[in-house]
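> Take a look at protein_13.csv, CSV, N, CA and C atoms:
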```csv
chain,number,residue,atom,x,y,z
A,1358,VAL,N,240.1,78.4,75.9
A,1358,VAL,CA,241.2,77.6,75.3
A,1358,VAL,C,242.5,77.9,76.0
A,1359,GLN,N,243.2,76.9,76.5
A,1359,GLN,CA,244.5,77.1,77.1
A,1359,GLN,C,245.5,76.4,76.2
A,1360,LEU,N,246.6,77.1,76.0
A,1360,LEU,CA,247.6,76.6,75.0
A,1360,LEU,C,248.9,76.4,75.8
A,1361,GLN,N,249.6,75.3,75.4
A,1361,GLN,CA,251.0,75.0,76.0
A,1361,GLN,C,251.9,74.7,74.9
A,1362,ALA,N,252.9,75.5,74.7
A,1362,ALA,CA,253.9,75.3,73.7
A,1362,ALA,C,255.1,74.5,74.3
A,1363,SER,N,255.7,73.6,73.4
A,1363,SER,CA,256.9,72.8,73.9
A,1363,SER,C,257.7,72.5,72.7
A,1364,GLY,N,258.8,71.9,72.9
A,1364,GLY,CA,259.7,71.4,71.8
A,1364,GLY,C,260.9,72.2,71.5
A,1365,GLY,N,261.0,73.3,72.1
A,1365,GLY,CA,262.2,74.2,71.8
A,1365,GLY,C,263.5,73.5,72.3
A,1366,GLY,N,264.6,74.1,72.0
A,1366,GLY,CA,265.9,73.6,72.4
A,1366,GLY,C,267.0,74.3,71.7
A,1367,LEU,N,268.2,73.7,72.0
A,1367,LEU,CA,269.4,74.2,71.3
A,1367,LEU,C,269.8,73.3,70.2
A,1368,VAL,N,270.0,73.9,69.0
A,1368,VAL,CA,270.3,73.1,67.8
A,1368,VAL,C,271.4,73.8,67.0
A,1369,LEU,N,272.2,73.0,66.3
A,1369,LEU,CA,273.2,73.6,65.4
A,1369,LEU,C,272.5,74.1,64.1
A,1370,ALA,N,273.1,75.1,63.5
A,1370,ALA,CA,272.6,75.6,62.2
A,1370,ALA,C,272.4,74.4,61.2
A,1371,GLY,N,271.3,74.5,60.5
A,1371,GLY,CA,271.0,73.4,59.6
A,1371,GLY,C,270.2,72.3,60.2
A,1372,GLY,N,270.0,72.3,61.5
A,1372,GLY,CA,269.2,71.3,62.2
A,1372,GLY,C,267.8,71.6,62.2
A,1373,SER,N,267.0,70.7,63.0
A,1373,SER,CA,265.6,70.8,62.9
A,1373,SER,C,265.0,70.6,64.4
A,1374,LEU,N,263.9,71.1,64.6
A,1374,LEU,CA,263.1,71.0,65.8
A,1374,LEU,C,261.6,70.9,65.4
A,1375,ARG,N,260.9,70.1,66.2
A,1375,ARG,CA,259.4,70.2,66.0
A,1375,ARG,C,258.8,70.8,67.3
A,1376,LEU,N,258.1,71.9,67.1
A,1376,LEU,CA,257.5,72.5,68.2
A,1376,LEU,C,256.0,72.0,68.2
A,1377,SER,N,255.5,72.0,69.4
A,1377,SER,CA,254.1,71.5,69.6
A,1377,SER,C,253.3,72.6,70.4
A,1378,CYS,N,252.1,72.7,70.1
A,1378,CYS,CA,251.2,73.6,70.8
A,1378,CYS,C,249.9,72.8,71.2
A,1379,ALA,N,249.9,72.4,72.4
A,1379,ALA,CA,248.7,71.5,72.9
A,1379,ALA,C,247.7,72.4,73.5
A,1380,ALA,N,246.4,72.1,73.1
A,1380,ALA,CA,245.3,73.0,73.5
A,1380,ALA,C,244.3,72.2,74.3
A,1381,SER,N,243.6,72.9,75.2
A,1381,SER,CA,242.5,72.3,75.9
A,1381,SER,C,241.2,72.7,75.2
A,1382,GLY,N,240.1,72.1,75.6
A,1382,GLY,CA,238.9,72.5,75.0
A,1382,GLY,C,238.4,71.5,73.9
A,1383,ARG,N,237.1,71.5,73.7
A,1383,ARG,CA,236.5,70.5,72.8
A,1383,ARG,C,236.2,71.1,71.4
A,1384,THR,N,236.5,72.4,71.2
A,1384,THR,CA,236.1,73.0,70.0
A,1384,THR,C,237.4,73.6,69.3
A,1385,PHE,N,238.5,72.9,69.4
A,1385,PHE,CA,239.7,73.3,68.9
A,1385,PHE,C,239.7,73.5,67.4
A,1386,SER,N,238.9,72.8,66.7
A,1386,SER,CA,238.9,72.9,65.3
A,1386,SER,C,238.3,74.2,64.8
A,1387,ARG,N,237.6,74.9,65.7
A,1387,ARG,CA,237.1,76.2,65.3
A,1387,ARG,C,238.1,77.3,65.3
A,1388,TYR,N,239.3,77.0,65.7
A,1388,TYR,CA,240.3,78.1,65.9
A,1388,TYR,C,241.4,78.0,64.9
A,1389,LEU,N,241.7,79.2,64.4
A,1389,LEU,CA,243.0,79.4,63.6
A,1389,LEU,C,244.1,79.5,64.6
A,1390,VAL,N,245.2,78.8,64.3
A,1390,VAL,CA,246.3,78.8,65.3
A,1390,VAL,C,247.5,79.4,64.5
A,1391,GLY,N,248.2,80.3,65.2
A,1391,GLY,CA,249.4,80.9,64.6
A,1391,GLY,C,250.6,80.7,65.5
A,1392,TRP,N,251.7,80.7,64.9
A,1392,TRP,CA,253.0,80.8,65.6
A,1392,TRP,C,253.7,82.1,65.4
A,1393,PHE,N,254.1,82.7,66.5
A,1393,PHE,CA,254.9,83.9,66.4
A,1393,PHE,C,256.2,83.7,67.1
A,1394,ARG,N,257.2,84.6,66.9
A,1394,ARG,CA,258.4,84.5,67.6
A,1394,ARG,C,258.9,85.9,68.0
A,1395,GLN,N,259.7,85.9,69.0
A,1395,GLN,CA,260.3,87.2,69.5
A,1395,GLN,C,261.7,87.0,69.9
A,1396,ALA,N,262.6,87.6,69.2
A,1396,ALA,CA,264.0,87.6,69.5
A,1396,ALA,C,264.4,88.7,70.5
A,1397,PRO,N,265.4,88.6,71.2
A,1397,PRO,CA,265.8,89.7,72.2
A,1397,PRO,C,265.9,91.0,71.5
A,1398,GLY,N,265.3,92.1,72.0
A,1398,GLY,CA,265.4,93.4,71.4
A,1398,GLY,C,264.6,93.6,70.2
A,1399,LYS,N,263.8,92.6,69.8
A,1399,LYS,CA,263.0,92.8,68.6
A,1399,LYS,C,261.5,92.6,68.9
A,1400,GLU,N,260.7,93.1,68.0
A,1400,GLU,CA,259.2,92.9,68.1
A,1400,GLU,C,258.8,91.5,67.8
A,1401,ARG,N,257.7,91.1,68.4
A,1401,ARG,CA,257.1,89.8,68.1
A,1401,ARG,C,256.7,89.8,66.6
A,1402,GLU,N,257.1,88.7,65.9
A,1402,GLU,CA,256.8,88.6,64.5
A,1402,GLU,C,256.0,87.3,64.1
A,1403,PHE,N,255.2,87.4,63.1
A,1403,PHE,CA,254.4,86.3,62.6
A,1403,PHE,C,255.3,85.3,62.0
A,1404,VAL,N,255.1,84.0,62.2
A,1404,VAL,CA,255.8,82.9,61.6
A,1404,VAL,C,255.0,82.1,60.6
A,1405,ALA,N,253.9,81.6,61.2
A,1405,ALA,CA,253.0,80.8,60.4
A,1405,ALA,C,251.6,80.7,61.0
A,1406,ALA,N,250.6,80.3,60.2
A,1406,ALA,CA,249.3,80.1,60.8
A,1406,ALA,C,248.6,79.0,60.0
A,1407,LEU,N,247.6,78.4,60.6
A,1407,LEU,CA,246.9,77.3,60.0
A,1407,LEU,C,245.4,77.4,60.4
A,1408,SER,N,244.6,77.2,59.4
A,1408,SER,CA,243.1,77.3,59.6
A,1408,SER,C,242.6,76.2,60.5
A,1409,GLY,N,241.4,76.3,61.0
A,1409,GLY,CA,240.8,75.4,61.9
A,1409,GLY,C,240.8,74.0,61.3
A,1410,SER,N,240.5,73.9,60.0
A,1410,SER,CA,240.4,72.6,59.4
A,1410,SER,C,241.7,72.0,59.1
A,1411,GLY,N,242.7,72.8,59.0
A,1411,GLY,CA,244.1,72.4,58.7
A,1411,GLY,C,244.3,72.5,57.2
A,1412,ARG,N,243.4,72.9,56.4
A,1412,ARG,CA,243.5,72.9,54.9
A,1412,ARG,C,244.3,74.1,54.4
A,1413,THR,N,244.3,75.2,55.1
A,1413,THR,CA,244.9,76.4,54.6
A,1413,THR,C,246.0,76.9,55.5
A,1414,THR,N,247.2,77.1,54.9
A,1414,THR,CA,248.4,77.4,55.7
A,1414,THR,C,248.9,78.8,55.2
A,1415,TYR,N,249.6,79.5,56.1
A,1415,TYR,CA,250.2,80.8,55.8
A,1415,TYR,C,251.6,80.8,56.4
A,1416,TYR,N,252.5,81.4,55.7
A,1416,TYR,CA,253.9,81.4,56.2
A,1416,TYR,C,254.5,82.8,56.0
A,1417,ALA,N,255.4,83.2,56.9
A,1417,ALA,CA,256.2,84.4,56.6
A,1417,ALA,C,257.2,84.1,55.6
A,1418,ASP,N,257.6,85.0,54.8
A,1418,ASP,CA,258.5,84.8,53.7
A,1418,ASP,C,259.8,84.2,54.2
A,1419,SER,N,260.2,84.6,55.4
A,1419,SER,CA,261.5,84.2,56.0
A,1419,SER,C,261.6,82.8,56.3
A,1420,VAL,N,260.4,82.1,56.5
A,1420,VAL,CA,260.5,80.7,56.8
A,1420,VAL,C,259.9,79.8,55.8
A,1421,LYS,N,259.3,80.4,54.7
A,1421,LYS,CA,258.7,79.6,53.7
A,1421,LYS,C,259.7,78.6,53.1
A,1422,GLY,N,259.2,77.4,52.9
A,1422,GLY,CA,260.1,76.3,52.4
A,1422,GLY,C,261.0,75.6,53.4
A,1423,ARG,N,261.0,76.2,54.6
A,1423,ARG,CA,261.8,75.6,55.7
A,1423,ARG,C,260.9,75.1,56.9
A,1424,PHE,N,259.9,75.8,57.1
A,1424,PHE,CA,259.0,75.5,58.2
A,1424,PHE,C,257.7,74.9,57.7
A,1425,THR,N,257.1,74.0,58.4
A,1425,THR,CA,255.8,73.4,58.0
A,1425,THR,C,254.9,73.4,59.3
A,1426,ILE,N,253.7,74.0,59.1
A,1426,ILE,CA,252.7,74.0,60.2
A,1426,ILE,C,251.6,72.9,59.9
A,1427,SER,N,251.2,72.2,60.9
A,1427,SER,CA,250.2,71.2,60.7
A,1427,SER,C,249.4,71.0,62.0
A,1428,ARG,N,248.3,70.3,62.0
A,1428,ARG,CA,247.6,70.1,63.2
A,1428,ARG,C,246.9,68.7,63.2
A,1429,ASP,N,246.7,68.3,64.4
A,1429,ASP,CA,245.9,67.0,64.6
A,1429,ASP,C,244.8,67.4,65.6
A,1430,ASN,N,243.6,67.6,65.0
A,1430,ASN,CA,242.5,68.1,65.9
A,1430,ASN,C,242.0,66.9,66.8
A,1431,ALA,N,242.3,65.7,66.5
A,1431,ALA,CA,241.9,64.6,67.3
A,1431,ALA,C,242.6,64.7,68.7
A,1432,VAL,N,243.8,65.3,68.7
A,1432,VAL,CA,244.6,65.4,70.0
A,1432,VAL,C,244.8,66.9,70.3
A,1433,ASN,N,244.1,67.7,69.7
A,1433,ASN,CA,244.1,69.2,70.0
A,1433,ASN,C,245.5,69.7,70.0
A,1434,THR,N,246.3,69.4,68.9
A,1434,THR,CA,247.7,69.9,68.9
A,1434,THR,C,248.0,70.4,67.5
A,1435,VAL,N,248.8,71.5,67.5
A,1435,VAL,CA,249.3,72.1,66.3
A,1435,VAL,C,250.8,72.0,66.4
A,1436,TYR,N,251.4,71.6,65.3
A,1436,TYR,CA,252.9,71.4,65.2
A,1436,TYR,C,253.5,72.5,64.3
A,1437,LEU,N,254.8,72.8,64.6
A,1437,LEU,CA,255.6,73.6,63.7
A,1437,LEU,C,256.9,72.9,63.5
A,1438,GLN,N,257.0,72.2,62.3
A,1438,GLN,CA,258.3,71.6,62.0
A,1438,GLN,C,259.2,72.6,61.4
A,1439,THR,N,260.4,72.8,62.1
A,1439,THR,CA,261.3,73.8,61.7
A,1439,THR,C,262.6,73.0,61.1
A,1440,ASN,N,262.9,73.2,59.9
A,1440,ASN,CA,264.0,72.6,59.2
A,1440,ASN,C,265.0,73.7,58.8
A,1441,SER,N,266.2,73.2,58.5
A,1441,SER,CA,267.3,74.1,58.0
A,1441,SER,C,267.4,75.4,58.8
A,1442,LEU,N,267.4,75.2,60.1
A,1442,LEU,CA,267.4,76.3,61.1
A,1442,LEU,C,268.7,77.2,60.9
A,1443,GLU,N,268.5,78.5,61.1
A,1443,GLU,CA,269.5,79.4,61.0
A,1443,GLU,C,269.7,80.2,62.3
A,1444,PRO,N,270.8,80.8,62.5
A,1444,PRO,CA,271.0,81.5,63.8
A,1444,PRO,C,269.9,82.6,63.9
A,1445,GLU,N,269.5,83.2,62.8
A,1445,GLU,CA,268.5,84.2,62.8
A,1445,GLU,C,267.1,83.7,63.2
A,1446,ASP,N,266.9,82.4,63.3
A,1446,ASP,CA,265.7,81.8,63.8
A,1446,ASP,C,265.6,81.8,65.4
A,1447,THR,N,266.7,82.1,66.0
A,1447,THR,CA,266.8,82.1,67.5
A,1447,THR,C,265.8,83.1,68.0
A,1448,ALA,N,264.9,82.6,68.9
A,1448,ALA,CA,263.8,83.4,69.5
A,1448,ALA,C,263.0,82.6,70.4
A,1449,VAL,N,262.1,83.2,71.2
A,1449,VAL,CA,261.1,82.5,71.9
A,1449,VAL,C,259.9,82.4,70.9
A,1450,TYR,N,259.4,81.2,70.8
A,1450,TYR,CA,258.3,80.9,69.9
A,1450,TYR,C,257.0,80.7,70.7
A,1451,TYR,N,256.0,81.4,70.2
A,1451,TYR,CA,254.7,81.4,70.9
A,1451,TYR,C,253.6,80.9,70.0
A,1452,CYS,N,252.7,80.1,70.5
A,1452,CYS,CA,251.5,79.7,69.7
A,1452,CYS,C,250.4,80.5,70.2
A,1453,ALA,N,249.4,80.8,69.3
A,1453,ALA,CA,248.3,81.7,69.7
A,1453,ALA,C,247.1,81.2,68.9
A,1454,ALA,N,245.9,81.4,69.4
A,1454,ALA,CA,244.7,80.9,68.8
A,1454,ALA,C,243.6,82.0,68.8
A,1455,GLY,N,242.8,82.0,67.7
A,1455,GLY,CA,241.7,82.9,67.6
A,1455,GLY,C,240.6,82.2,66.8
A,1456,LEU,N,239.4,82.5,66.9
A,1456,LEU,CA,238.3,81.9,66.1
A,1456,LEU,C,238.7,82.1,64.6
A,1457,ASP,N,238.5,81.0,63.9
A,1457,ASP,CA,238.8,81.0,62.5
A,1457,ASP,C,237.8,81.8,61.7
A,1458,THR,N,238.1,83.1,61.4
A,1458,THR,CA,237.2,83.9,60.7
A,1458,THR,C,237.9,84.5,59.5
A,1459,ILE,N,237.2,85.0,58.5
A,1459,ILE,CA,237.8,85.7,57.3
A,1459,ILE,C,238.7,86.8,57.8
A,1460,ASP,N,238.2,87.6,58.8
A,1460,ASP,CA,238.9,88.7,59.3
A,1460,ASP,C,240.3,88.3,59.8
A,1461,LEU,N,240.3,87.3,60.7
A,1461,LEU,CA,241.5,86.9,61.3
A,1461,LEU,C,242.5,86.3,60.3
A,1462,ARG,N,242.0,85.6,59.3
A,1462,ARG,CA,242.8,85.1,58.3
A,1462,ARG,C,243.5,86.2,57.5
A,1463,ALA,N,242.7,87.2,57.2
A,1463,ALA,CA,243.2,88.4,56.5
A,1463,ALA,C,244.3,89.2,57.2
A,1464,ARG,N,244.1,89.2,58.6
A,1464,ARG,CA,245.0,90.0,59.4
A,1464,ARG,C,245.8,89.1,60.3
A,1465,ARG,N,246.2,88.0,59.9
A,1465,ARG,CA,246.8,86.9,60.7
A,1465,ARG,C,248.2,87.4,61.3
A,1466,TYR,N,248.8,88.4,60.7
A,1466,TYR,CA,250.1,88.9,61.1
A,1466,TYR,C,249.9,89.7,62.4
A,1467,ASN,N,248.8,90.2,62.7
A,1467,ASN,CA,248.5,91.1,63.8
A,1467,ASN,C,248.3,90.2,65.1
A,1468,SER,N,249.3,90.2,66.0
A,1468,SER,CA,249.3,89.4,67.2
A,1468,SER,C,248.2,89.8,68.1
A,1469,ASN,N,247.7,91.1,68.0
A,1469,ASN,CA,246.7,91.6,68.9
A,1469,ASN,C,245.3,91.0,68.7
A,1470,LEU,N,245.2,90.3,67.6
A,1470,LEU,CA,243.9,89.8,67.2
A,1470,LEU,C,243.7,88.4,67.7
A,1471,TYR,N,244.7,87.8,68.3
A,1471,TYR,CA,244.6,86.4,68.8
A,1471,TYR,C,244.1,86.5,70.2
A,1472,ASP,N,243.2,85.6,70.6
A,1472,ASP,CA,242.6,85.6,71.9
A,1472,ASP,C,243.4,84.8,73.0
A,1473,PHE,N,244.1,83.8,72.6
A,1473,PHE,CA,244.7,82.9,73.5
A,1473,PHE,C,246.2,82.7,73.1
A,1474,TRP,N,247.0,82.6,74.2
A,1474,TRP,CA,248.4,82.5,73.9
A,1474,TRP,C,249.0,81.4,74.8
A,1475,GLY,N,250.0,80.7,74.3
A,1475,GLY,CA,250.8,79.8,75.1
A,1475,GLY,C,251.9,80.5,75.7
A,1476,GLN,N,252.7,79.8,76.5
A,1476,GLN,CA,253.7,80.5,77.4
A,1476,GLN,C,255.0,80.7,76.6
A,1477,GLY,N,255.2,80.1,75.5
A,1477,GLY,CA,256.5,80.3,74.7
A,1477,GLY,C,257.5,79.2,75.0
A,1478,THR,N,258.3,78.9,73.9
A,1478,THR,CA,259.3,77.9,74.0
A,1478,THR,C,260.5,78.4,73.3
A,1479,GLN,N,261.7,78.3,74.0
A,1479,GLN,CA,262.9,78.9,73.5
A,1479,GLN,C,263.6,78.0,72.4
A,1480,VAL,N,263.9,78.7,71.3
A,1480,VAL,CA,264.6,78.0,70.2
A,1480,VAL,C,266.0,78.8,70.0
A,1481,THR,N,267.1,78.1,70.2
A,1481,THR,CA,268.4,78.7,70.0
A,1481,THR,C,269.1,77.9,69.0
A,1482,VAL,N,269.6,78.6,67.9
A,1482,VAL,CA,270.3,78.0,66.8
A,1482,VAL,C,271.7,78.6,66.9
A,1483,SER,N,272.7,77.7,67.0
A,1483,SER,CA,274.1,78.1,67.1
A,1483,SER,C,274.8,77.9,65.8
A,1484,SER,N,275.7,78.7,65.4
A,1484,SER,CA,276.4,78.6,64.1
A,1484,SER,C,277.7,77.8,64.2
```
Before anything else, please render the file you have as structure tokens.

Amino acid sequence: VQLQASGGGLVLAGGSLRLSCAASGRTFSRYLVGWFRQAPGKEREFVAALSGSGRTTYYADSVKGRFTISRDNAVNTVYLQTNSLEPEDTAVYYCAAGLDTIDLRARRYNSNLYDFWGQGTQVTVSS
């Protein structure tokens, strides 16, 4: 599976962006997809994840209620709708995928468990 993230940009605080993660491969629905972000000088952190079917979502507390993860398996794409953006959301956002298993769902915060990564897309929120 190859992943390509896009949709980042510069936005004012309170604004919105929709990030996309396009995947290759015909078995995309077998993969749990997560979004992570990394700000300068900080460790990569979990943002959200979505089961292969799209029925189960997971969010970090810091983005709950503001971000929405979704997927369209027909076009092999996962989306991260980011609303009410804050300067603290400024980071490079990465999408990642791993086979949708009970273990990965339970340990979804651990970036080391994902097998495939996109190249990242920069989100900058100005105050």
> To one decimal in Å, tell me the separation between atom CA of A:Asp1457 and atom CA of A:Val1390.
8.3 Å
> Could you state the separation of atom N of A:Gln1359 and atom C of A:Phe1473 in Å, given to one decimal place?
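So the answer is 7.4 Å.
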> Counting all atoms listed in the file, which of A:Phe1403, A:Phe1385, A:Phe1393, A:Phe1424 gets nearest to A:Ala1453?
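When distances to A:Ala1453 are compared using all atoms listed in the file, the smallest one comes from A:Phe1393.
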> Closest to A:Val1480 among A:Asn1430, A:Ala1362, A:Val1368, A:Gln1438, using only N, CA and C atoms?
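Of all the options, A:Val1368 lies closest to A:Val1480.
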> So how many Å separate atom N of A:Asp1472 and atom CA of A:Trp1392, to one decimal?
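That distance, rounded to one decimal, is 12.0 Å.
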> I need the residue nearest A:Gln1476 from this list: A:Ala1405, A:Val1449, A:Leu1374, A:Leu1442. Use only N, CA and C atoms for the distance.
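Closest to A:Gln1476, using only N, CA and C atoms: A:Val1449.
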> Would you mind writing down, as a PyMOL selection string, each residue of chain A that DSSP on the backbone assigns to strand (DSSP E)?
chain A and resi 1360-1363+1366-1369+1374-1380+1388-1395+1402-1407+1414-1416+1424-1429+1434-1439+1448-1456+1473-1474+1478-1483
> Please determine, counting only C-alpha atoms, which residue among A:Leu1389, A:Ile1426, A:Val1404, A:Ala1431 has the shortest atom-to-atom distance to A:Leu1470.
A:Leu1389
> Would you give me, as number ranges by chain, the residues in chain A that DSSP reads as alpha helix (DSSP H)?
A: 1459-1463
> Would you kindly return, as a ChimeraX atom specification, each protein, DNA or RNA residue with an atom no farther than 12 Å from any atom of A:Leu1369, considering only C-alpha atoms and excluding same-chain residues fewer than 2 positions away?
/A:1366-1367,1371-1374,1440-1447,1480-1484
> Kindly indicate which residue among A:Gly1364, A:Asp1460, A:Tyr1466, A:Tyr1436 lies nearest to A:Ala1380, using only C-alpha atoms for the distances.
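So, comparing all the options, the nearest one is A:Tyr1436.
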> Please provide as a short mmCIF file (atom, residue, chain, number, x, y, z; two decimals) with N, CA and C atoms, in the frame of the given file all residues within 6 Å of A:Leu1360, with the sequence filter that same-chain residues fewer than 5 positions apart are discarded (counting only N, CA and C atoms).

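Generated output (part31.cif):
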```cif
data_model
loop_
_atom_site.label_atom_id
_atom_site.label_comp_id
_atom_site.auth_asym_id
_atom_site.auth_seq_id
_atom_site.Cartn_x
_atom_site.Cartn_y
_atom_site.Cartn_z
N CYS A 1378 252.10 72.70 70.10
CA CYS A 1378 251.20 73.60 70.80
C CYS A 1378 249.90 72.80 71.20
N ALA A 1379 249.90 72.40 72.40
CA ALA A 1379 248.70 71.50 72.90
C ALA A 1379 247.70 72.40 73.50
N ALA A 1380 246.40 72.10 73.10
CA ALA A 1380 245.30 73.00 73.50
C ALA A 1380 244.30 72.20 74.30
N SER A 1381 243.60 72.90 75.20
CA SER A 1381 242.50 72.30 75.90
C SER A 1381 241.20 72.70 75.20
N TRP A 1474 247.00 82.60 74.20
CA TRP A 1474 248.40 82.50 73.90
C TRP A 1474 249.00 81.40 74.80
N GLY A 1475 250.00 80.70 74.30
CA GLY A 1475 250.80 79.80 75.10
C GLY A 1475 251.90 80.50 75.70
N GLN A 1476 252.70 79.80 76.50
CA GLN A 1476 253.70 80.50 77.40
C GLN A 1476 255.00 80.70 76.60
#
```
> Please extract stretch 1402-1414 of chain A and write it out with N, CA, C and O atoms, as an mmCIF file, in the first residue's frame.

```
data_model
loop_
_atom_site.group_PDB
_atom_site.id
_atom_site.type_symbol
_atom_site.label_atom_id
_atom_site.label_comp_id
_atom_site.auth_asym_id
_atom_site.auth_seq_id
_atom_site.Cartn_x
_atom_site.Cartn_y
_atom_site.Cartn_z
ATOM 1 N N GLU A 1402 2.517 12.577 17.334
ATOM 2 C CA GLU A 1402 1.392 12.227 18.193
ATOM 3 C C GLU A 1402 0.192 11.765 17.383
ATOM 4 O O GLU A 1402 -0.043 12.209 16.257
ATOM 5 N N PHE A 1403 -0.550 10.885 17.985
ATOM 6 C CA PHE A 1403 -1.777 10.351 17.384
ATOM 7 C C PHE A 1403 -2.842 11.429 17.323
ATOM 8 O O PHE A 1403 -3.027 12.200 18.267
ATOM 9 N N VAL A 1404 -3.570 11.456 16.206
ATOM 10 C CA VAL A 1404 -4.661 12.410 16.030
ATOM 11 C C VAL A 1404 -6.001 11.689 15.928
ATOM 12 O O VAL A 1404 -6.945 11.995 16.661
ATOM 13 N N ALA A 1405 -6.092 10.745 15.016
ATOM 14 C CA ALA A 1405 -7.359 10.041 14.782
ATOM 15 C C ALA A 1405 -7.087 8.763 14.012
ATOM 16 O O ALA A 1405 -6.044 8.618 13.368
ATOM 17 N N ALA A 1406 -8.034 7.837 14.083
ATOM 18 C CA ALA A 1406 -7.928 6.602 13.315
ATOM 19 C C ALA A 1406 -9.324 6.122 12.950
ATOM 20 O O ALA A 1406 -10.317 6.488 13.591
ATOM 21 N N LEU A 1407 -9.353 5.273 11.926
ATOM 22 C CA LEU A 1407 -10.629 4.802 11.390
ATOM 23 C C LEU A 1407 -10.476 3.355 10.969
ATOM 24 O O LEU A 1407 -9.509 2.980 10.304
ATOM 25 N N SER A 1408 -11.432 2.536 11.358
ATOM 26 C CA SER A 1408 -11.393 1.126 10.998
ATOM 27 C C SER A 1408 -11.538 0.940 9.494
ATOM 28 O O SER A 1408 -11.956 1.844 8.777
ATOM 29 N N GLY A 1409 -11.216 -0.263 9.032
ATOM 30 C CA GLY A 1409 -11.277 -0.548 7.615
ATOM 31 C C GLY A 1409 -12.658 -0.352 7.005
ATOM 32 O O GLY A 1409 -12.791 0.106 5.870
ATOM 33 N N SER A 1410 -13.657 -0.699 7.765
ATOM 34 C CA SER A 1410 -15.039 -0.542 7.284
ATOM 35 C C SER A 1410 -15.519 0.893 7.344
ATOM 36 O O SER A 1410 -16.505 1.253 6.711
ATOM 37 N N GLY A 1411 -14.851 1.692 8.172
ATOM 38 C CA GLY A 1411 -15.279 3.067 8.367
ATOM 39 C C GLY A 1411 -16.282 3.239 9.487
ATOM 40 O O GLY A 1411 -16.752 4.351 9.744
ATOM 41 N N ARG A 1412 -16.619 2.144 10.165
ATOM 42 C CA ARG A 1412 -17.677 2.227 11.182
ATOM 43 C C ARG A 1412 -17.178 2.646 12.553
ATOM 44 O O ARG A 1412 -17.962 3.100 13.384
ATOM 45 N N THR A 1413 -15.886 2.481 12.803
ATOM 46 C CA THR A 1413 -15.342 2.791 14.131
ATOM 47 C C THR A 1413 -14.283 3.865 14.018
ATOM 48 O O THR A 1413 -13.338 3.742 13.239
ATOM 49 N N THR A 1414 -14.452 4.906 14.807
ATOM 50 C CA THR A 1414 -13.519 6.036 14.783
ATOM 51 C C THR A 1414 -12.874 6.212 16.152
ATOM 52 O O THR A 1414 -13.449 5.846 17.183
#
```
